[in-house]
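Student: Provided herewith: query_27.cif, mmCIF, C-alpha atoms.
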data_my_file
loop_
_atom_site.group_PDB
_atom_site.id
_atom_site.type_symbol
_atom_site.label_atom_id
_atom_site.label_comp_id
_atom_site.auth_asym_id
_atom_site.auth_seq_id
_atom_site.Cartn_x
_atom_site.Cartn_y
_atom_site.Cartn_z
ATOM 1 C CA MET U 12 -44.758 -0.401 26.657
ATOM 2 C CA PHE U 13 -43.539 2.852 25.082
ATOM 3 C CA SER U 14 -46.664 3.603 23.061
ATOM 4 C CA ALA U 15 -48.458 5.207 26.034
ATOM 5 C CA TYR U 16 -45.704 7.783 26.544
ATOM 6 C CA PRO U 17 -44.385 8.907 23.129
ATOM 7 C CA VAL U 18 -42.498 11.911 24.514
ATOM 8 C CA LEU U 19 -40.749 9.847 27.172
ATOM 9 C CA SER U 20 -39.832 7.140 24.670
ATOM 10 C CA ALA U 21 -38.414 9.763 22.289
ATOM 11 C CA LEU U 22 -36.354 11.319 25.106
ATOM 12 C CA LEU U 23 -35.115 7.893 26.168
ATOM 13 C CA ALA U 24 -34.065 7.049 22.602
ATOM 14 C CA LEU U 25 -32.340 10.434 22.256
ATOM 15 C CA GLY U 26 -30.491 9.922 25.548
ATOM 16 C CA ILE U 27 -29.295 6.457 24.555
ATOM 17 C CA THR U 28 -28.152 7.739 21.157
ATOM 18 C CA LEU U 29 -26.224 10.655 22.663
ATOM 19 C CA ALA U 30 -24.606 8.358 25.237
ATOM 20 C CA LEU U 31 -23.439 5.985 22.487
ATOM 21 C CA ILE U 32 -22.014 8.881 20.458
ATOM 22 C CA TRP U 33 -20.163 10.163 23.534
ATOM 23 C CA LEU U 34 -18.734 6.706 24.277
ATOM 24 C CA ALA U 35 -17.593 6.281 20.676
ATOM 25 C CA ALA U 36 -15.869 9.683 20.742
ATOM 26 C CA LYS U 37 -14.074 8.787 23.988
ATOM 27 C CA ALA U 38 -12.930 5.454 22.543
ATOM 28 C CA LEU U 39 -11.615 7.095 19.359
ATOM 29 C CA THR U 40 -9.748 9.683 21.440
ATOM 30 C CA MET U 41 -8.075 6.942 23.468
ATOM 31 C CA ILE U 42 -7.134 5.003 20.337
ATOM 32 C CA SER U 43 -5.697 8.034 18.565
ATOM 33 C CA ARG U 44 -3.613 9.104 21.581
ATOM 34 C CA ASN U 45 -1.685 5.934 22.196
ATOM 35 C CA GLY U 46 -2.885 3.221 19.844
ATOM 36 C CA THR U 47 -2.664 0.563 22.547
ATOM 37 C CA MET U 48 -6.282 -0.566 22.309
ATOM 38 C CA LEU U 49 -5.628 -2.054 18.863
ATOM 39 C CA GLY U 50 -2.088 -3.243 19.592
ATOM 40 C CA LEU U 51 -0.508 -0.542 17.449
ATOM 41 C CA ALA U 52 1.947 0.759 20.042
ATOM 42 C CA GLY U 53 4.971 -0.956 18.526
ATOM 43 C CA GLN U 54 4.256 0.089 14.943
ATOM 44 C CA LYS U 55 5.709 3.587 14.907
ATOM 45 C CA THR U 56 6.776 4.856 11.479
ATOM 46 C CA SER U 57 10.200 6.342 10.926
ATOM 47 C CA SER U 58 11.029 9.257 8.668
ATOM 48 C CA SER U 59 12.607 6.885 6.135
ATOM 49 C CA SER U 60 9.450 4.797 5.773
ATOM 50 C CA THR U 61 6.810 5.218 3.102
ATOM 51 C CA ALA U 62 4.752 7.715 5.125
ATOM 52 C CA LEU U 63 3.007 10.404 3.099
ATOM 53 C CA THR U 64 4.531 13.838 3.773
ATOM 54 C CA ILE U 65 4.314 17.324 2.287
ATOM 55 C CA GLU U 66 7.689 18.202 0.812
ATOM 56 C CA SER U 67 6.956 21.761 -0.343
ATOM 57 C CA VAL U 68 4.130 24.224 -0.968
ATOM 58 C CA THR U 69 4.406 27.018 -3.544
ATOM 59 C CA ALA U 70 1.716 29.687 -3.976
ATOM 60 C CA ILE U 71 1.194 30.579 -7.635
ATOM 61 C CA ALA U 72 -1.900 32.779 -7.194
ATOM 62 C CA PRO U 73 -3.876 34.089 -4.196
ATOM 63 C CA ARG U 74 -5.959 30.896 -4.059
ATOM 64 C CA ARG U 75 -3.854 28.386 -6.037
ATOM 65 C CA LYS U 76 -0.919 26.335 -4.763
ATOM 66 C CA VAL U 77 1.366 23.636 -6.086
ATOM 67 C CA ILE U 78 2.047 21.031 -3.406
ATOM 68 C CA VAL U 79 4.774 18.408 -3.740
ATOM 69 C CA LEU U 80 3.925 15.247 -1.806
ATOM 70 C CA ARG U 81 6.474 12.570 -0.928
ATOM 71 C CA TYR U 82 5.644 8.889 -0.499
ATOM 72 C CA GLY U 83 8.840 6.983 0.171
ATOM 73 C CA GLU U 84 11.116 7.753 -2.779
ATOM 74 C CA HIS U 85 8.246 8.922 -5.012
ATOM 75 C CA ARG U 86 7.179 12.573 -5.361
ATOM 76 C CA LEU U 87 3.859 13.864 -6.749
ATOM 77 C CA ALA U 88 2.960 17.438 -7.745
ATOM 78 C CA VAL U 89 -0.653 18.528 -7.089
ATOM 79 C CA LEU U 90 -2.318 21.824 -8.079
ATOM 80 C CA THR U 91 -4.944 22.907 -5.517
ATOM 81 C CA GLY U 92 -7.272 25.834 -4.918
ATOM 82 C CA GLY U 93 -9.330 25.916 -8.110
ATOM 83 C CA PRO U 94 -12.695 24.364 -8.875
ATOM 84 C CA GLN U 95 -10.988 20.974 -8.496
ATOM 85 C CA ASP U 96 -7.547 19.684 -7.512
ATOM 86 C CA VAL U 97 -5.345 18.448 -10.342
ATOM 87 C CA SER U 98 -2.508 15.941 -10.219
ATOM 88 C CA LEU U 99 0.364 17.369 -12.252
ATOM 89 C CA GLY U 100 2.204 14.056 -12.295
ATOM 90 C CA TRP U 101 5.044 12.161 -10.691
ATOM 91 C CA LEU U 102 8.361 13.962 -10.419
ATOM 92 C CA PRO U 103 11.723 12.342 -11.077
ATOM 93 C CA PRO U 104 13.750 11.452 -7.986
ATOM 94 C CA PRO U 105 16.091 14.185 -6.759
ATOM 95 C CA PRO U 106 19.750 13.761 -7.695
ATOM 96 C CA SER U 107 21.875 11.856 -5.224
ATOM 97 C CA SER U 108 23.824 14.057 -2.819
ATOM 98 C CA SER U 109 26.758 11.649 -2.659
ATOM 99 C CA PRO U 110 29.476 12.301 -5.297
ATOM 100 C CA LEU U 111 30.255 9.543 -7.749
ATOM 101 C CA PRO U 112 33.766 8.020 -7.482
#
Give the structure from the file, written as structure tokens.
Tutor:
Amino acid sequence: MFSAYPVLSALLALGITLALIWLAAKALTMISRNGTMLGLAGQKTSSSSTALTIESVTAIAPRRKVIVLRYGEHRLAVLTGGPQDVSLGWLPPPPSSSPLP
């Protein structure tokens, strides 16, 4: 069927491919905005959960930085900006702010 018109079949295949890409992008946008398509609306994370956050960033050279990441109660120091990123290791937990009795 398509062998008689190779240009038309190529344009049809291109159109179908672009339409599928557009539909996938729209679906991902809807999912990322509200999360209701996957039933994720009630699963909001709080600040005390184990979400990964950036605690601090310190520049040590024009292109190099030390970034301290927090995951729950754990903290990790990472050196970035060189030929490759380097994990400097896990940091001890910060001292408790409540005074001891």
Student: CA of Leu63 (chain U) and CA of Leu80 (chain U) are how many Å apart?
Tutor: 7.0 Å
Student: Enumerate, as an MDAnalysis selection string, the residues matched when the PyMOL selection byres ((chain U and resi 74) around 10) is run on the file above.
Tutor: chainID U and resid 70:73 75:76 91:93
Student: Restricting the calculation to all atoms listed in the file, which member of U:Ile27, U:Ile65, U:Leu34, U:Leu19 is positioned closest to Gly83 (chain U)?
Tutor: U:Ile65
Student: What's around Glu66 (chain U) at 9 Å? Count only C-alpha atoms, leave out sequence neighbours fewer than 5 positions away in its own chain, and write the answer as a PyMOL selection string.
Tutor: chain U and resi 78-81+86
Student: Written as a ChimeraX atom specification, what is the full residue list that the PyMOL selection byres ((chain U and resi 98-108) around 6) yields on the file shown?
Tutor: /U:86-89,97,109
Student: From the options U:Leu29, U:Ser43, U:Tyr82, U:Ser20, which residue's atoms come nearest to Ala62 (chain U), counting all atoms listed in the file?
Tutor: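 Of U:Leu29, U:Ser43, U:Tyr82, U:Ser20, the one nearest Ala62 (chain U), counting all atoms listed in the file, is U:Tyr82.
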Student: Report the distance between CA of Asp96 (chain U) and CA of Val77 (chain U) in Å, rounded to one decimal place.
Tutor: 9.9 Å
Student: If I take CA of His85 (chain U) and CA of Thr64 (chain U), how far is one from the other in Å, to one decimal?
Tutor: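 For CA of His85 (chain U) relative to CA of Thr64 (chain U), the distance reads 10.7 Å.
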Student: Would you compute an axis-aligned box for region 22-41 of chain U, covering every atom listed for it in the file with 6 Å of margin on each side, and report centre and edge lengths in Å to one decimal as lines of an AutoDock Vina configuration file?
Tutor:
center_x = -22.2
center_y = 8.4
center_z = 22.8
size_x = 40.3
size_y = 17.9
size_z = 18.8
Student: Rebuild region 65-98 of chain U to N, CA and C atoms - output it as an mmCIF file, in the coordinates of the input, please.
Tutor:
data_model
loop_
_atom_site.group_PDB
_atom_site.id
_atom_site.type_symbol
_atom_site.label_atom_id
_atom_site.label_comp_id
_atom_site.auth_asym_id
_atom_site.auth_seq_id
_atom_site.Cartn_x
_atom_site.Cartn_y
_atom_site.Cartn_z
ATOM 1 N N ILE U 65 4.303 16.162 3.180
ATOM 2 C CA ILE U 65 4.314 17.324 2.287
ATOM 3 C C ILE U 65 5.744 17.807 2.205
ATOM 4 N N GLU U 66 6.302 17.791 0.999
ATOM 5 C CA GLU U 66 7.689 18.202 0.812
ATOM 6 C C GLU U 66 7.802 19.711 0.643
ATOM 7 N N SER U 67 6.909 20.310 -0.156
ATOM 8 C CA SER U 67 6.956 21.761 -0.343
ATOM 9 C C SER U 67 5.591 22.268 -0.807
ATOM 10 N N VAL U 68 5.354 23.550 -0.544
ATOM 11 C CA VAL U 68 4.130 24.224 -0.968
ATOM 12 C C VAL U 68 4.540 25.542 -1.606
ATOM 13 N N THR U 69 4.082 25.786 -2.832
ATOM 14 C CA THR U 69 4.406 27.018 -3.544
ATOM 15 C C THR U 69 3.115 27.684 -3.994
ATOM 16 N N ALA U 70 2.898 28.937 -3.549
ATOM 17 C CA ALA U 70 1.716 29.687 -3.976
ATOM 18 C C ALA U 70 1.979 30.266 -5.359
ATOM 19 N N ILE U 71 1.042 30.034 -6.281
ATOM 20 C CA ILE U 71 1.194 30.579 -7.635
ATOM 21 C C ILE U 71 0.144 31.637 -7.937
ATOM 22 N N ALA U 72 -0.846 31.764 -7.090
ATOM 23 C CA ALA U 72 -1.900 32.779 -7.194
ATOM 24 C C ALA U 72 -2.486 32.913 -5.793
ATOM 25 N N PRO U 73 -3.334 33.940 -5.553
ATOM 26 C CA PRO U 73 -3.876 34.089 -4.196
ATOM 27 C C PRO U 73 -4.593 32.851 -3.663
ATOM 28 N N ARG U 74 -5.221 32.071 -4.532
ATOM 29 C CA ARG U 74 -5.959 30.896 -4.059
ATOM 30 C C ARG U 74 -5.418 29.592 -4.613
ATOM 31 N N ARG U 75 -4.369 29.609 -5.409
ATOM 32 C CA ARG U 75 -3.854 28.386 -6.037
ATOM 33 C C ARG U 75 -2.457 28.076 -5.515
ATOM 34 N N LYS U 76 -2.212 26.786 -5.268
ATOM 35 C CA LYS U 76 -0.919 26.335 -4.763
ATOM 36 C C LYS U 76 -0.503 25.075 -5.498
ATOM 37 N N VAL U 77 0.812 24.897 -5.622
ATOM 38 C CA VAL U 77 1.366 23.636 -6.086
ATOM 39 C C VAL U 77 1.998 22.985 -4.859
ATOM 40 N N ILE U 78 1.561 21.774 -4.567
ATOM 41 C CA ILE U 78 2.047 21.031 -3.406
ATOM 42 C C ILE U 78 2.794 19.803 -3.921
ATOM 43 N N VAL U 79 4.001 19.598 -3.393
ATOM 44 C CA VAL U 79 4.774 18.408 -3.740
ATOM 45 C C VAL U 79 4.673 17.452 -2.556
ATOM 46 N N LEU U 80 4.094 16.277 -2.816
ATOM 47 C CA LEU U 80 3.925 15.247 -1.806
ATOM 48 C C LEU U 80 5.002 14.187 -1.985
ATOM 49 N N ARG U 81 5.477 13.641 -0.869
ATOM 50 C CA ARG U 81 6.474 12.570 -0.928
ATOM 51 C C ARG U 81 5.885 11.317 -0.299
ATOM 52 N N TYR U 82 6.045 10.194 -1.013
ATOM 53 C CA TYR U 82 5.644 8.889 -0.499
ATOM 54 C C TYR U 82 6.820 7.959 -0.719
ATOM 55 N N GLY U 83 7.618 7.768 0.315
ATOM 56 C CA GLY U 83 8.840 6.983 0.171
ATOM 57 C C GLY U 83 9.816 7.725 -0.720
ATOM 58 N N GLU U 84 10.202 7.114 -1.822
ATOM 59 C CA GLU U 84 11.116 7.753 -2.779
ATOM 60 C C GLU U 84 10.365 8.427 -3.924
ATOM 61 N N HIS U 85 9.043 8.352 -3.936
ATOM 62 C CA HIS U 85 8.246 8.922 -5.012
ATOM 63 C C HIS U 85 7.759 10.312 -4.618
ATOM 64 N N ARG U 86 7.689 11.223 -5.590
ATOM 65 C CA ARG U 86 7.179 12.573 -5.361
ATOM 66 C C ARG U 86 6.076 12.873 -6.374
ATOM 67 N N LEU U 87 5.010 13.547 -5.912
ATOM 68 C CA LEU U 87 3.859 13.864 -6.749
ATOM 69 C C LEU U 87 3.546 15.347 -6.617
ATOM 70 N N ALA U 88 3.346 16.029 -7.742
ATOM 71 C CA ALA U 88 2.960 17.438 -7.745
ATOM 72 C C ALA U 88 1.446 17.536 -7.925
ATOM 73 N N VAL U 89 0.797 18.361 -7.059
ATOM 74 C CA VAL U 89 -0.653 18.528 -7.089
ATOM 75 C C VAL U 89 -0.965 20.021 -7.107
ATOM 76 N N LEU U 90 -1.856 20.438 -8.003
ATOM 77 C CA LEU U 90 -2.318 21.824 -8.079
ATOM 78 C C LEU U 90 -3.648 21.916 -7.346
ATOM 79 N N THR U 91 -3.727 22.777 -6.318
ATOM 80 C CA THR U 91 -4.944 22.907 -5.517
ATOM 81 C C THR U 91 -5.459 24.334 -5.550
ATOM 82 N N GLY U 92 -6.713 24.507 -5.095
ATOM 83 C CA GLY U 92 -7.272 25.834 -4.918
ATOM 84 C C GLY U 92 -8.247 26.267 -5.984
ATOM 85 N N GLY U 93 -8.389 25.555 -7.056
ATOM 86 C CA GLY U 93 -9.330 25.916 -8.110
ATOM 87 C C GLY U 93 -10.650 25.200 -7.915
ATOM 88 N N PRO U 94 -11.426 25.083 -8.993
ATOM 89 C CA PRO U 94 -12.695 24.364 -8.875
ATOM 90 C C PRO U 94 -12.489 22.890 -8.534
ATOM 91 N N GLN U 95 -11.332 22.338 -8.894
ATOM 92 C CA GLN U 95 -10.988 20.974 -8.496
ATOM 93 C C GLN U 95 -9.468 20.861 -8.439
ATOM 94 N N ASP U 96 -8.982 19.922 -7.619
ATOM 95 C CA ASP U 96 -7.547 19.684 -7.512
ATOM 96 C C ASP U 96 -7.093 18.854 -8.706
ATOM 97 N N VAL U 97 -5.863 19.113 -9.159
ATOM 98 C CA VAL U 97 -5.345 18.448 -10.342
ATOM 99 C C VAL U 97 -3.988 17.843 -10.014
ATOM 100 N N SER U 98 -3.816 16.578 -10.357
ATOM 101 C CA SER U 98 -2.508 15.941 -10.219
ATOM 102 C C SER U 98 -1.671 16.337 -11.421
#
